[in-house]
Amino acid sequence: MKLCETEIGRQYRIARMNLPEDTGRRLRALGMTQETSLSVLNRKRNGCLIFKVRGTRLAVGRDIANAIEVESL
Amino acid sequence: MRENNGGSQEIQVGFVGNPNCGKTTLFNAYTGARLKVANWPGVTVEKKEGAMKYHNHRFRLVDLPGIYSLTSYTMEEKLSRQYIMEEDVDVIVNVVDASNLERNLYLTLQLIELGKPVILALNMMDVVAERGMEIDLHRLPEMLGIPVIPVSARKKTGLDILMHAVAHHRDKKNDEKLEHHHQTAAQSKHIHKHHEEYTVVYSDEIEDRIDEIGAIWQKHYGARKEAVPKTAGLRWISIKLLERDPEILEAYPLAAAELPRESYETRITNEKYDFIEEIVEEVVVNKSSKEEHTDRIDRLLTHPVWGLPAFLGIMALVFFLTFTIGDWLKGYFELALDAFSGGVAAALGFLYAGDILTSLIVDGIIAGVGGILTFLPNIFILFLALAILEDSGYMARVAYVMDGVMGRIGLSGRAFIPMLLGFGCTVPAVMASRALEDPADRRKTILITPFMSCSARLPIYVLFSEIFFARHAMLAAYSMYVIGLVIAILSAFVMRLFQKKRQEHTLLIELPEYKTPNAHTIFIYVWEKVKDYLTKAGTTIFFASVVLWAMLNFGPSGLVEDMSQSFGAMFGRGLAPVLAPAGLGMWQVALAFLSGLAAKEVVVSSFSVLYGIGNINSAAGMAELSGILAASGFTALNAYALMVFCLLYTPCVATLATMRRELNSGKYMAVSLVFQLAVAWLAATLVYQAGRLLGLG
């Protein structure tokens, strides 16, 4: 499932990221490596969301959230 | 290291770390500087230097914008990377938010790989303690192989020890290393002693690739001494080549066949994080998550439905306080100013100062500068409120909340932060746009930020809305902020229509923990702004008042009795017809607008000088101005058109200069100047003509 389709309050594991090279690098540098788990804190209807990964809260826009595949934990 | 005349050496220390980890607070603590700190990522956009002494060592400290990694992609991050790579930095102090080691250590590992002396400053140890966490300060330096010094920049603890460590480790290579990582040396098929040499050791395959590509690099570039960056060693270059770092590939082009078929960036990052997980596992005791209060606040402030109304409510409160408390404080200011003005006039009379001199001082300087000073309470409250917003951690949330709206105009929510800062002052707001990745987005943000009503425009609204809108004064002033915001968004929308390539713009921002705003931080922030305002009153506004006074008192025939014969009036009359459709076709208004280019407050001080009103912001001053204007048929409708024009027209020269520098183009600045003038004229004319059709005014 895509990150933008997740439910608030639940935990997920990153499966794949299909992002442009530099955005991907940036997210990996922030600790969003494969298999990393994250918990969704808030999400707007358009897919823009806030989640917590490795102790950091990140807000990402719809396009990034659309390009990240996650698995339910 | 720089030699100075005395022969003792100056140690150059670079403060490097993630955004919002307290580098600037630490820098301020050492140097006594008062650089702005706030609780959102990306406050520092420029490199700042300062000097300090510790025992017989002299240090040059360099505060850098925050970075998450050495593969940076925003403008301010490139600056940091460039500094670390190229400059003569002797010691890197890696400032780390101890309450968030897991993410912060990624940069640390990259810095260690660079090969320069690195010292880890574990900041925010007080937060760690508050959360009931503990960090094993013996094991951490063992695992990293670099000195680790706990500090609290805010409470100023550990500062001496940190500088002591800097002085002692500048020449040392990071020596003690340790074995870690999944496999023991015995199991490894890769023949190396890397665990003795390096902090981060990768899996065999990657280590093999590092050796191979290193050898290829040596063959091509090893002989060229100048080719090697001052700071980095071969291992670092090899790793960057494997990661296909664009800048390194550009500096050292290799044939496609010499590079591995795919980038190893993902795997290298993964393995670094694997190691970090090992460290955190061993070093952090009681990984408690006592952070519920941030989540609780966020449940409302970033709520899918209530987030936006909450933001609008907060901004309405900010301006409500600005107008009400500011006005309440203003009364006391006025008493003092009236007494001062009267006293000076009496003293000048007593000294038999000539009429011209008395007129210059009383009608020119005191009227102009003094009149502006009475708005200080409003300005003070506005900046106090903004300071609290910035230090609480809310700013980053605004980027998230506004992302939907900003997306419609082709910008990410991140671009709203500069716009919001524009409510304070446009100059730093324009600079803050550096945090945006895409140059086209940056340009767009810079071009629309001046429409956000800055504090310098506040006196204009306060004055004219109180004179002409009496009970609805606050509503009239509020509407200016809304109009500015709407015009900014419309402009960006129009620019988007003309944009050839429309890429999607994606928000990516870290949300810090909420915290109670720090009194000292707020004090410095507000004090710097108040000082700026006073300085501006004493310089720009002072000058503008004197020049305006001269223009109004001299004409082609020399000293004039009647102002309408002066140079100023002639000038204003030339411009007035253009403003007539907006109901502002008076030479005095035209002249005030022209002076307002120096600083927007000057529009107000100009009215004082033009009509010789001692304290324009007092009840008597307002009544006087109201009487004069009413006599020439100037109604509430004209006043509203005037406010709209002032809101939108060409920003002050300081902003123009900043825009020129940040856009790196005189052309774009000139376009924006003309564009804003046109928008201001159109909007004011629209207001005036529509108002007349409706029978107002």
# chains A, B, ... in the order shown; residues from 1 in each chain; ligands from 1
call {"tool": "interface_residues", "arguments": {"of": "chain A", "to": "chain B", "cutoff": "12 Å", "atoms": "only C-alpha atoms", "output": "number ranges by chain"}}
result
A: 8-9, 16-17, 19-36, 40-67
call {"tool": "select_by_dssp", "arguments": {"residues": "chain A", "states": "strand (DSSP E or B)", "output": "number ranges by chain"}}
result
A: 2, 11-17, 37-43, 49-53, 56-60, 68-72
call {"tool": "closest_atom_pairs", "arguments": {"of": "range 575-645 of chain B", "to": "range 471-484 of chain B", "cutoff": "10 Å", "atoms": "only C-alpha atoms", "output": "tab-separated table"}}
result
residue	atom	partner	partner_atom	distance
B:Tyr640	CA	B:Ala476	CA	7.9
B:Met643	CA	B:Met480	CA	7.5
B:Val644	CA	B:Met480	CA	6.8
call {"tool": "residues_around", "arguments": {"residues": "Ala310 in chain B", "least_positions_apart": "4", "cutoff": "7 Å", "atoms": "only C-alpha atoms", "output": "ChimeraX atom specification"}}
result
/B:301,306,314
call {"tool": "select_by_dssp", "arguments": {"residues": "range 243-470 of chain B", "states": "helix (DSSP H, G or I)", "output": "VMD selection string"}}
result
chain B and resid 246 to 251 256 to 258 265 to 283 292 to 301 307 to 350 355 to 373 376 to 392 394 to 401 403 to 408 413 to 421 426 to 435 439 to 451 455 to 470
call {"tool": "atom_distance", "arguments": {"atom1": "CA of Leu329 in chain B", "atom2": "CA of Pro377 in chain B"}}
result
6.0 Å
call {"tool": "atom_distance", "arguments": {"atom1": "CA of Leu575 in chain B", "atom2": "CA of Gln588 in chain B"}}
result
10.0 Å
call {"tool": "atom_distance", "arguments": {"atom1": "CA of Thr535 in chain B", "atom2": "CA of Cys454 in chain B"}}
result
17.1 Å
call {"tool": "residues_around", "arguments": {"residues": "Ala415 in chain B", "least_positions_apart": "4", "cutoff": "8 Å", "atoms": "only C-alpha atoms", "output": "PyMOL selection string"}}
result
chain B and resi 399+406+411+419+433+436+441-442+445
call {"tool": "write_last_selection", "arguments": {"atoms": "all heavy atoms", "output": "PDB file, in the first residue's frame"}}
result
ATOM      1  N   ALA B 399       3.826  25.057   7.728  1.00  0.00           N
ATOM      2  CA  ALA B 399       4.192  24.552   6.398  1.00  0.00           C
ATOM      3  C   ALA B 399       3.297  23.372   6.021  1.00  0.00           C
ATOM      4  O   ALA B 399       2.846  23.255   4.888  1.00  0.00           O
ATOM      5  CB  ALA B 399       5.653  24.148   6.367  1.00  0.00           C
ATOM      6  N   MET B 406      -0.943  25.994  -0.777  1.00  0.00           N
ATOM      7  CA  MET B 406       0.239  26.353  -1.545  1.00  0.00           C
ATOM      8  C   MET B 406       0.393  25.456  -2.769  1.00  0.00           C
ATOM      9  O   MET B 406       0.916  25.886  -3.788  1.00  0.00           O
ATOM     10  CB  MET B 406       1.492  26.274  -0.669  1.00  0.00           C
ATOM     11  CG  MET B 406       1.485  27.208   0.514  1.00  0.00           C
ATOM     12  SD  MET B 406       1.425  28.948   0.047  1.00  0.00           S
ATOM     13  CE  MET B 406       3.126  29.212  -0.423  1.00  0.00           C
ATOM     14  N   LEU B 411       3.482  25.701  -5.240  1.00  0.00           N
ATOM     15  CA  LEU B 411       4.582  25.775  -4.283  1.00  0.00           C
ATOM     16  C   LEU B 411       4.328  24.756  -3.177  1.00  0.00           C
ATOM     17  O   LEU B 411       3.201  24.325  -2.967  1.00  0.00           O
ATOM     18  CB  LEU B 411       4.658  27.174  -3.663  1.00  0.00           C
ATOM     19  CG  LEU B 411       5.148  28.300  -4.568  1.00  0.00           C
ATOM     20  CD1 LEU B 411       4.928  29.642  -3.901  1.00  0.00           C
ATOM     21  CD2 LEU B 411       6.625  28.130  -4.893  1.00  0.00           C
ATOM     22  N   MET B 419       6.915  33.506   3.757  1.00  0.00           N
ATOM     23  CA  MET B 419       5.795  34.438   3.652  1.00  0.00           C
ATOM     24  C   MET B 419       5.307  34.859   5.038  1.00  0.00           C
ATOM     25  O   MET B 419       5.024  36.032   5.279  1.00  0.00           O
ATOM     26  CB  MET B 419       4.659  33.807   2.851  1.00  0.00           C
ATOM     27  CG  MET B 419       5.008  33.653   1.370  1.00  0.00           C
ATOM     28  SD  MET B 419       3.807  32.653   0.472  1.00  0.00           S
ATOM     29  CE  MET B 419       2.375  33.718   0.491  1.00  0.00           C
ATOM     30  N   SER B 433      13.985  32.181   2.159  1.00  0.00           N
ATOM     31  CA  SER B 433      13.580  31.350   1.015  1.00  0.00           C
ATOM     32  C   SER B 433      14.716  30.441   0.559  1.00  0.00           C
ATOM     33  O   SER B 433      14.511  29.562  -0.267  1.00  0.00           O
ATOM     34  CB  SER B 433      13.141  32.237  -0.137  1.00  0.00           C
ATOM     35  OG  SER B 433      14.257  32.920  -0.648  1.00  0.00           O
ATOM     36  N   LEU B 436      14.393  26.604   0.263  1.00  0.00           N
ATOM     37  CA  LEU B 436      13.661  25.898  -0.789  1.00  0.00           C
ATOM     38  C   LEU B 436      14.635  25.303  -1.797  1.00  0.00           C
ATOM     39  O   LEU B 436      15.586  25.950  -2.196  1.00  0.00           O
ATOM     40  CB  LEU B 436      12.705  26.856  -1.496  1.00  0.00           C
ATOM     41  CG  LEU B 436      11.682  27.507  -0.574  1.00  0.00           C
ATOM     42  CD1 LEU B 436      10.925  28.595  -1.299  1.00  0.00           C
ATOM     43  CD2 LEU B 436      10.728  26.462  -0.045  1.00  0.00           C
ATOM     44  N   ASP B 441      11.084  27.839  -7.631  1.00  0.00           N
ATOM     45  CA  ASP B 441      10.215  28.033  -6.464  1.00  0.00           C
ATOM     46  C   ASP B 441      10.721  29.177  -5.601  1.00  0.00           C
ATOM     47  O   ASP B 441       9.945  29.968  -5.073  1.00  0.00           O
ATOM     48  CB  ASP B 441      10.210  26.777  -5.574  1.00  0.00           C
ATOM     49  CG  ASP B 441       9.399  25.675  -6.206  1.00  0.00           C
ATOM     50  OD1 ASP B 441       8.973  25.846  -7.356  1.00  0.00           O
ATOM     51  OD2 ASP B 441       9.202  24.647  -5.536  1.00  0.00           O
ATOM     52  N   ARG B 442      12.032  29.219  -5.458  1.00  0.00           N
ATOM     53  CA  ARG B 442      12.631  30.275  -4.644  1.00  0.00           C
ATOM     54  C   ARG B 442      12.302  31.627  -5.229  1.00  0.00           C
ATOM     55  O   ARG B 442      11.911  32.548  -4.529  1.00  0.00           O
ATOM     56  CB  ARG B 442      14.168  30.126  -4.660  1.00  0.00           C
ATOM     57  CG  ARG B 442      14.743  29.415  -3.502  1.00  0.00           C
ATOM     58  CD  ARG B 442      16.208  29.717  -3.418  1.00  0.00           C
ATOM     59  NE  ARG B 442      16.426  30.942  -2.694  1.00  0.00           N
ATOM     60  CZ  ARG B 442      17.425  31.784  -2.931  1.00  0.00           C
ATOM     61  NH1 ARG B 442      18.283  31.545  -3.875  1.00  0.00           N
ATOM     62  NH2 ARG B 442      17.555  32.865  -2.210  1.00  0.00           N
ATOM     63  N   THR B 445       8.730  32.561  -4.676  1.00  0.00           N
ATOM     64  CA  THR B 445       8.495  32.929  -3.278  1.00  0.00           C
ATOM     65  C   THR B 445       9.045  34.320  -2.980  1.00  0.00           C
ATOM     66  O   THR B 445       8.399  35.128  -2.311  1.00  0.00           O
ATOM     67  CB  THR B 445       9.146  31.897  -2.344  1.00  0.00           C
ATOM     68  OG1 THR B 445       8.740  30.601  -2.755  1.00  0.00           O
ATOM     69  CG2 THR B 445       8.753  32.119  -0.907  1.00  0.00           C
TER      70      THR B 445
END
call {"tool": "decode", "arguments": {"residues": "range 25-71 of chain A", "atoms": "N, CA and C atoms", "output": "short mmCIF file (atom, residue, chain, number, x, y, z; two decimals), in the first residue's frame"}}
result
data_model
loop_
_atom_site.label_atom_id
_atom_site.label_comp_id
_atom_site.auth_asym_id
_atom_site.auth_seq_id
_atom_site.Cartn_x
_atom_site.Cartn_y
_atom_site.Cartn_z
N ARG A 25 17.60 10.32 -1.89
CA ARG A 25 18.81 10.46 -1.07
C ARG A 25 18.51 11.18 0.23
N ARG A 26 17.74 12.26 0.10
CA ARG A 26 17.42 13.05 1.28
C ARG A 26 16.64 12.22 2.30
N LEU A 27 15.66 11.48 1.82
CA LEU A 27 14.85 10.69 2.74
C LEU A 27 15.67 9.57 3.38
N ARG A 28 16.55 8.97 2.60
CA ARG A 28 17.40 7.92 3.19
C ARG A 28 18.32 8.52 4.25
N ALA A 29 18.85 9.73 3.94
CA ALA A 29 19.72 10.40 4.92
C ALA A 29 18.96 10.66 6.21
N LEU A 30 17.65 10.88 6.09
CA LEU A 30 16.83 11.12 7.28
C LEU A 30 16.47 9.81 7.98
N GLY A 31 16.98 8.71 7.45
CA GLY A 31 16.77 7.44 8.14
C GLY A 31 15.66 6.60 7.55
N MET A 32 15.10 7.02 6.40
CA MET A 32 14.04 6.22 5.82
C MET A 32 14.63 5.15 4.89
N THR A 33 15.36 4.26 5.51
CA THR A 33 15.96 3.18 4.75
C THR A 33 14.95 2.03 4.68
N GLN A 34 15.25 1.05 3.82
CA GLN A 34 14.30 -0.05 3.67
C GLN A 34 14.08 -0.78 4.99
N GLU A 35 12.87 -1.25 5.18
CA GLU A 35 12.52 -2.03 6.37
C GLU A 35 12.32 -1.16 7.60
N THR A 36 12.64 0.12 7.51
CA THR A 36 12.46 0.99 8.67
C THR A 36 10.97 1.10 8.97
N SER A 37 10.63 1.09 10.26
CA SER A 37 9.21 1.23 10.57
C SER A 37 8.89 2.68 10.92
N LEU A 38 7.67 3.05 10.65
CA LEU A 38 7.23 4.42 10.92
C LEU A 38 5.81 4.38 11.44
N SER A 39 5.44 5.42 12.21
CA SER A 39 4.04 5.46 12.64
C SER A 39 3.41 6.75 12.14
N VAL A 40 2.21 6.62 11.62
CA VAL A 40 1.50 7.76 11.03
C VAL A 40 0.81 8.54 12.13
N LEU A 41 1.12 9.85 12.22
CA LEU A 41 0.56 10.67 13.29
C LEU A 41 -0.66 11.45 12.84
N ASN A 42 -0.63 11.93 11.61
CA ASN A 42 -1.73 12.73 11.11
C ASN A 42 -1.72 12.67 9.59
N ARG A 43 -2.87 12.80 9.00
CA ARG A 43 -2.91 12.75 7.53
C ARG A 43 -4.09 13.57 7.04
N LYS A 44 -3.81 14.35 5.97
CA LYS A 44 -4.91 15.10 5.36
C LYS A 44 -5.52 14.24 4.28
N ARG A 45 -6.71 14.64 3.84
CA ARG A 45 -7.39 13.83 2.85
C ARG A 45 -6.61 13.75 1.54
N ASN A 46 -5.87 14.82 1.20
CA ASN A 46 -5.13 14.80 -0.07
C ASN A 46 -3.87 13.93 -0.03
N GLY A 47 -3.55 13.35 1.12
CA GLY A 47 -2.43 12.42 1.17
C GLY A 47 -1.18 12.97 1.82
N CYS A 48 -1.19 14.28 2.08
CA CYS A 48 -0.08 14.93 2.77
C CYS A 48 -0.11 14.46 4.23
N LEU A 49 1.01 14.02 4.79
CA LEU A 49 0.91 13.44 6.14
C LEU A 49 2.12 13.69 7.04
N ILE A 50 1.91 13.43 8.32
CA ILE A 50 2.97 13.54 9.31
C ILE A 50 3.21 12.14 9.88
N PHE A 51 4.47 11.74 9.92
CA PHE A 51 4.75 10.45 10.54
C PHE A 51 6.03 10.55 11.35
N LYS A 52 6.24 9.53 12.15
CA LYS A 52 7.42 9.53 13.00
C LYS A 52 8.31 8.37 12.57
N VAL A 53 9.57 8.69 12.27
CA VAL A 53 10.50 7.66 11.87
C VAL A 53 11.81 7.90 12.61
N ARG A 54 12.36 6.88 13.23
CA ARG A 54 13.60 6.98 14.01
C ARG A 54 13.58 8.18 14.97
N GLY A 55 12.46 8.39 15.64
CA GLY A 55 12.39 9.45 16.64
C GLY A 55 12.20 10.85 16.08
N THR A 56 12.03 10.97 14.77
CA THR A 56 11.85 12.27 14.15
C THR A 56 10.47 12.36 13.53
N ARG A 57 9.81 13.52 13.74
CA ARG A 57 8.53 13.73 13.06
C ARG A 57 8.81 14.40 11.74
N LEU A 58 8.29 13.81 10.67
CA LEU A 58 8.47 14.41 9.35
C LEU A 58 7.10 14.69 8.74
N ALA A 59 6.99 15.84 8.06
CA ALA A 59 5.79 16.13 7.28
C ALA A 59 6.18 16.04 5.82
N VAL A 60 5.44 15.27 5.04
CA VAL A 60 5.73 15.18 3.61
C VAL A 60 4.47 15.46 2.80
N GLY A 61 4.68 15.98 1.61
CA GLY A 61 3.57 16.29 0.72
C GLY A 61 3.07 15.05 0.01
N ARG A 62 1.99 15.25 -0.73
CA ARG A 62 1.30 14.16 -1.37
C ARG A 62 2.20 13.37 -2.32
N ASP A 63 3.05 14.08 -3.10
CA ASP A 63 3.83 13.39 -4.13
C ASP A 63 4.81 12.40 -3.53
N ILE A 64 5.44 12.82 -2.41
CA ILE A 64 6.36 11.91 -1.76
C ILE A 64 5.58 10.73 -1.17
N ALA A 65 4.48 11.05 -0.50
CA ALA A 65 3.69 10.00 0.14
C ALA A 65 3.17 8.99 -0.88
N ASN A 66 2.91 9.49 -2.09
CA ASN A 66 2.43 8.64 -3.17
C ASN A 66 3.47 7.66 -3.66
N ALA A 67 4.74 8.04 -3.53
CA ALA A 67 5.82 7.27 -4.14
C ALA A 67 6.46 6.29 -3.16
N ILE A 68 5.94 6.24 -1.94
CA ILE A 68 6.52 5.33 -0.95
C ILE A 68 5.57 4.17 -0.69
N GLU A 69 6.07 2.97 -0.89
CA GLU A 69 5.26 1.77 -0.63
C GLU A 69 5.55 1.29 0.78
N VAL A 70 4.50 1.00 1.52
CA VAL A 70 4.69 0.50 2.88
C VAL A 70 3.89 -0.78 3.09
N GLU A 71 4.30 -1.49 4.14
CA GLU A 71 3.54 -2.68 4.53
C GLU A 71 3.02 -2.47 5.93
#
